[in-house]
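Just below is one structure, and these are the notes that go with it.
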Amino acid sequence: MSTSIDPVTLAIKASPNGSRAGFALLNDGSDNGVVSVTVLPKPWATKSESIVSRRVFHQCGDATHTVMHELDLLEVVTSRGTAQALAFSVAELAEDGDDEGPVQRRLLEVGRRASGDVERASLDPNFEALLSVLDLTRHVRSSRLDQSILGRHSSSILRILEQRQFVAAVERVIFTARPRYEERTEALSVPRGRIQERALLLSEWSKVPNVISTFDELTLNTPILQIVAAALRATASDRHDSRLASLVGDVRHRAARLLRLLQGTSPLDAVAALRLAERTMPGGLDQPWAPALSFAQPVLRGVGVAPESGNAASHGTFAITLQMEKVWEEWLELAFPSTWGVLPQAPTSAPWATDPSRPRLSANADFLLRLEDGTVAVVDAKYKLDKGYVNSSDGYQLYAYSNLALLDGEPPQMAAILYPLLADDVRDGGDKYWRVPSSTFPLRRIGLPFASPDETGSASAFSDYLVRLRAEIVRQLTK
């Protein structure tokens, strides 16, 4: 594909620190042209996909939607002016920060071209990969309010993704909508059902050929479809920043088409529909509608959320980032057996103090565990790919924790590093190391399964994953 008479290559590194999944929408300098980059968690890659370089060709003014994993390199071949605009958009992501420094910088960075083989980039015009990231966020206990999900215009982006997810769920089941009988009481010229005697006498006396009848009418005006129609109405009428047009796509038109199929439902406002959704449980025959009903609730809650105001609104770069190291810690905490004692973010004392009896608090260990046999273990959750060894920084960190951490006044008798495995990596066991010069304090280095996109697609599938993760943790830490 020819992009210009003088094409250049811009190299973009995805999550260079290997700890941020997310999405960025980069402006290419034209009115409508964008390059979007969805960064997937690195454990979702296979061994052959782990840390690869990918190339894509982009024409200024087009919309190019790419997918990468953390630590991958994307080479964008385009015109010189377009490459400069994209580089500026990437640089904009580094301007926002928190106490840890520039958070968005860890999502994308301008890098160097690959020296080896480069593969063709994966394209995602329907944002299916991005929706899988949204599925993942539903299993993170942290909320947007405490900034586990960060990014410029993140409220707007998440609202669009929730609408896309909801509309897709409705499209899958719309033609399975089941009518139900609804009891009605109306004045009819042709009586139906049960006739009120008083109304019959009144009709005979007044000579007006209408009687009040109570009857059952087959209708699609059911609570589930009323909720769905309200969420579709909210989606079809929502307004978004024009710079997000490529992400919005045709979702509003799809919602309007679906809404025409539900014209017989009673109109509900977003607040009433949300209240009804929170107390409506799909029955056995309505179970196919359960996902749509679940996805409708965030859509109804998100109505009226405007793009961020102030200086941020003037920027042309949009992004969301998810702190994957926190996700991994949360999943491990959920998977630890309830019979174990678990102390997350356990404070440790400083290694040196002017008064040794009253040392100041220093860093926090990710977990202190008391296993069923009473053993105290200090555990470090590492969101890293397997390197086949314990590197020096991790080793020194665990050495310090093993000497400084206390659980109910008792020091640890063992340590463990828990890291996620790649999608196709199956380990039968972890490695064991011994503290130098002693041979009585073991350090276990254990690879554990990371939830796949299928396992984050529903609450039941994620529950099954936690059961699998728990079984593996118990097997590895207690053998």
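Order determines the names: the first chain of the structure tokens is A, the second B, and so forth; residues in each chain are numbered 1 upward, and ligands are numbered 1 upward as they are shown.
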
Residues near Ile12 (chain A), cut-off 8 Å, only C-alpha atoms, skip fewer than 5 positions along chain, as a PyMOL selection string: chain A and resi 73-76+108-112

Can you build me a table of region 308-386 of chain A residues sitting at most 10 Å from region 115-136 of chain A, with the closest atom pair per residue and its distance in Å to one decimal, using only C-alpha atoms, sorted by chain and residue number, as CSV?
```
residue,atom,partner,partner_atom,distance
A:Thr321,CA,A:Val133,CA,10.0
A:Leu322,CA,A:Val133,CA,8.8
A:Val327,CA,A:Leu136,CA,9.1
```

Within 12 Å of region 450-466 of chain A, counting only C-alpha atoms, which residues qualify if same-chain residues fewer than 5 places away don't, as a ChimeraX atom specification? /A:40-46,128-140,165,169,290-292,294-295,324,327-337,383-385,418-426,471-473

Quick one: everything within 12 Å of Arg233 (chain A), counting only C-alpha atoms, minus sequence neighbours fewer than 3 positions away in the same chain. Send it as a PDB file with C-alpha atoms, in the first residue's frame.
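That gives us around_34.pdb:
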```
ATOM      1  CA  GLN A 163     -22.831   1.106  24.529  1.00  0.00           C
ATOM      2  CA  VAL A 167     -25.873  -3.137  21.404  1.00  0.00           C
ATOM      3  CA  LEU A 225     -37.739  -5.351  26.914  1.00  0.00           C
ATOM      4  CA  GLN A 226     -38.739  -2.069  28.583  1.00  0.00           C
ATOM      5  CA  ILE A 227     -35.236  -1.918  30.137  1.00  0.00           C
ATOM      6  CA  VAL A 228     -33.560  -2.826  26.858  1.00  0.00           C
ATOM      7  CA  ALA A 229     -35.602  -0.241  24.943  1.00  0.00           C
ATOM      8  CA  ALA A 230     -34.677   2.469  27.454  1.00  0.00           C
ATOM      9  CA  ALA A 236     -29.326   6.276  20.024  1.00  0.00           C
ATOM     10  CA  SER A 237     -29.781   9.779  21.430  1.00  0.00           C
ATOM     11  CA  ASP A 238     -26.391  10.148  23.119  1.00  0.00           C
ATOM     12  CA  VAL A 251     -23.475   2.158  17.198  1.00  0.00           C
ATOM     13  CA  ARG A 252     -26.160   4.877  17.385  1.00  0.00           C
ATOM     14  CA  HIS A 253     -27.706   3.771  14.084  1.00  0.00           C
ATOM     15  CA  ARG A 254     -27.648   0.126  15.175  1.00  0.00           C
ATOM     16  CA  ALA A 255     -29.386   1.093  18.413  1.00  0.00           C
ATOM     17  CA  ALA A 256     -32.061   3.012  16.482  1.00  0.00           C
ATOM     18  CA  ARG A 257     -32.739   0.013  14.220  1.00  0.00           C
ATOM     19  CA  LEU A 258     -33.159  -2.266  17.219  1.00  0.00           C
ATOM     20  CA  LEU A 259     -35.412   0.260  18.922  1.00  0.00           C
ATOM     21  CA  ARG A 260     -37.824   0.179  15.970  1.00  0.00           C
ATOM     22  CA  LEU A 262     -39.450  -2.696  20.221  1.00  0.00           C
ATOM     23  CA  GLN A 263     -41.906   0.094  19.454  1.00  0.00           C
ATOM     24  CA  THR A 265     -42.764  -1.177  24.820  1.00  0.00           C
ATOM     25  CA  SER A 266     -43.682   1.441  27.404  1.00  0.00           C
ATOM     26  CA  PRO A 267     -41.167   4.326  27.396  1.00  0.00           C
ATOM     27  CA  LEU A 268     -39.130   4.587  30.601  1.00  0.00           C
ATOM     28  CA  ASP A 269     -36.617   7.238  31.512  1.00  0.00           C
ATOM     29  CA  ALA A 270     -33.080   6.149  32.387  1.00  0.00           C
ATOM     30  CA  ALA A 273     -35.313   1.755  33.770  1.00  0.00           C
ATOM     31  CA  ALA A 296     -27.843  -2.223  29.926  1.00  0.00           C
ATOM     32  CA  VAL A 299     -25.361   2.281  29.753  1.00  0.00           C
ATOM     33  CA  LEU A 300     -28.266   3.672  31.768  1.00  0.00           C
ATOM     34  CA  VAL A 303     -26.213   8.749  30.347  1.00  0.00           C
TER      35      VAL A 303
END
```

Given only C-alpha atoms as the counted atoms, nearest of A:Ala400, A:Asp250, A:Phe318, A:Asn221 to Ser36 (chain A):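 Of all the options, A:Phe318 lies closest to Ser36 (chain A).
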
Which of these residues is nearest to Ser154 (chain A), using only C-alpha atoms: A:Gly22, A:Gly283, A:Gly395, A:Pro412? A:Gly22

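Rounded to one decimal, CA of Ile417 (chain A) and CA of Pro16 (chain A) lie 21.8 Å from each other.
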
Region 358-371 of chain A environment, 10 Å, only C-alpha atoms, sequence neighbours closer than 3 positions dropped, as a ChimeraX atom specification: /A:329,332-333,336-337,339-355,374-382,397-398,400-402,404-408,411-416,474,477-478

Out of A:Gly409, A:Gly18, A:Pro7, A:Gly388, which residue has the shortest atom-to-atom distance to Asp72 (chain A) when counting only C-alpha atoms?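 Smallest distance to Asp72 (chain A) is found for A:Gly18.
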
Would you kindly return, as a list in words, each protein, DNA or RNA residue with an atom no farther than 12 Å from any atom of Gln287 (chain A), considering only C-alpha atoms and excluding same-chain residues fewer than 6 positions away?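 Result of the neighbour search: Val173, Thr176, Ala177, Arg178, Ile224, Thr280, Met281, Leu293 and Ser294 of chain A.
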
Quick one: residues within 9 Å of Val271 (chain A), only C-alpha atoms counted, chain neighbours fewer than 4 positions away excluded, as a ChimeraX atom specification? /A:275-276,300-301

Take CA of Leu10 (chain A) and CA of Ile157 (chain A) and report the distance between them in Å, one decimal.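 The value is 25.2 Å.
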
Name the residues of region 323-456 of chain A that fall into strand (DSSP E) according to DSSP on the backbone, using the chain letters and numbers of this document, as number ranges by chain. A: 323, 341-349, 361-370, 376-381, 414-420, 431-434, 442-448
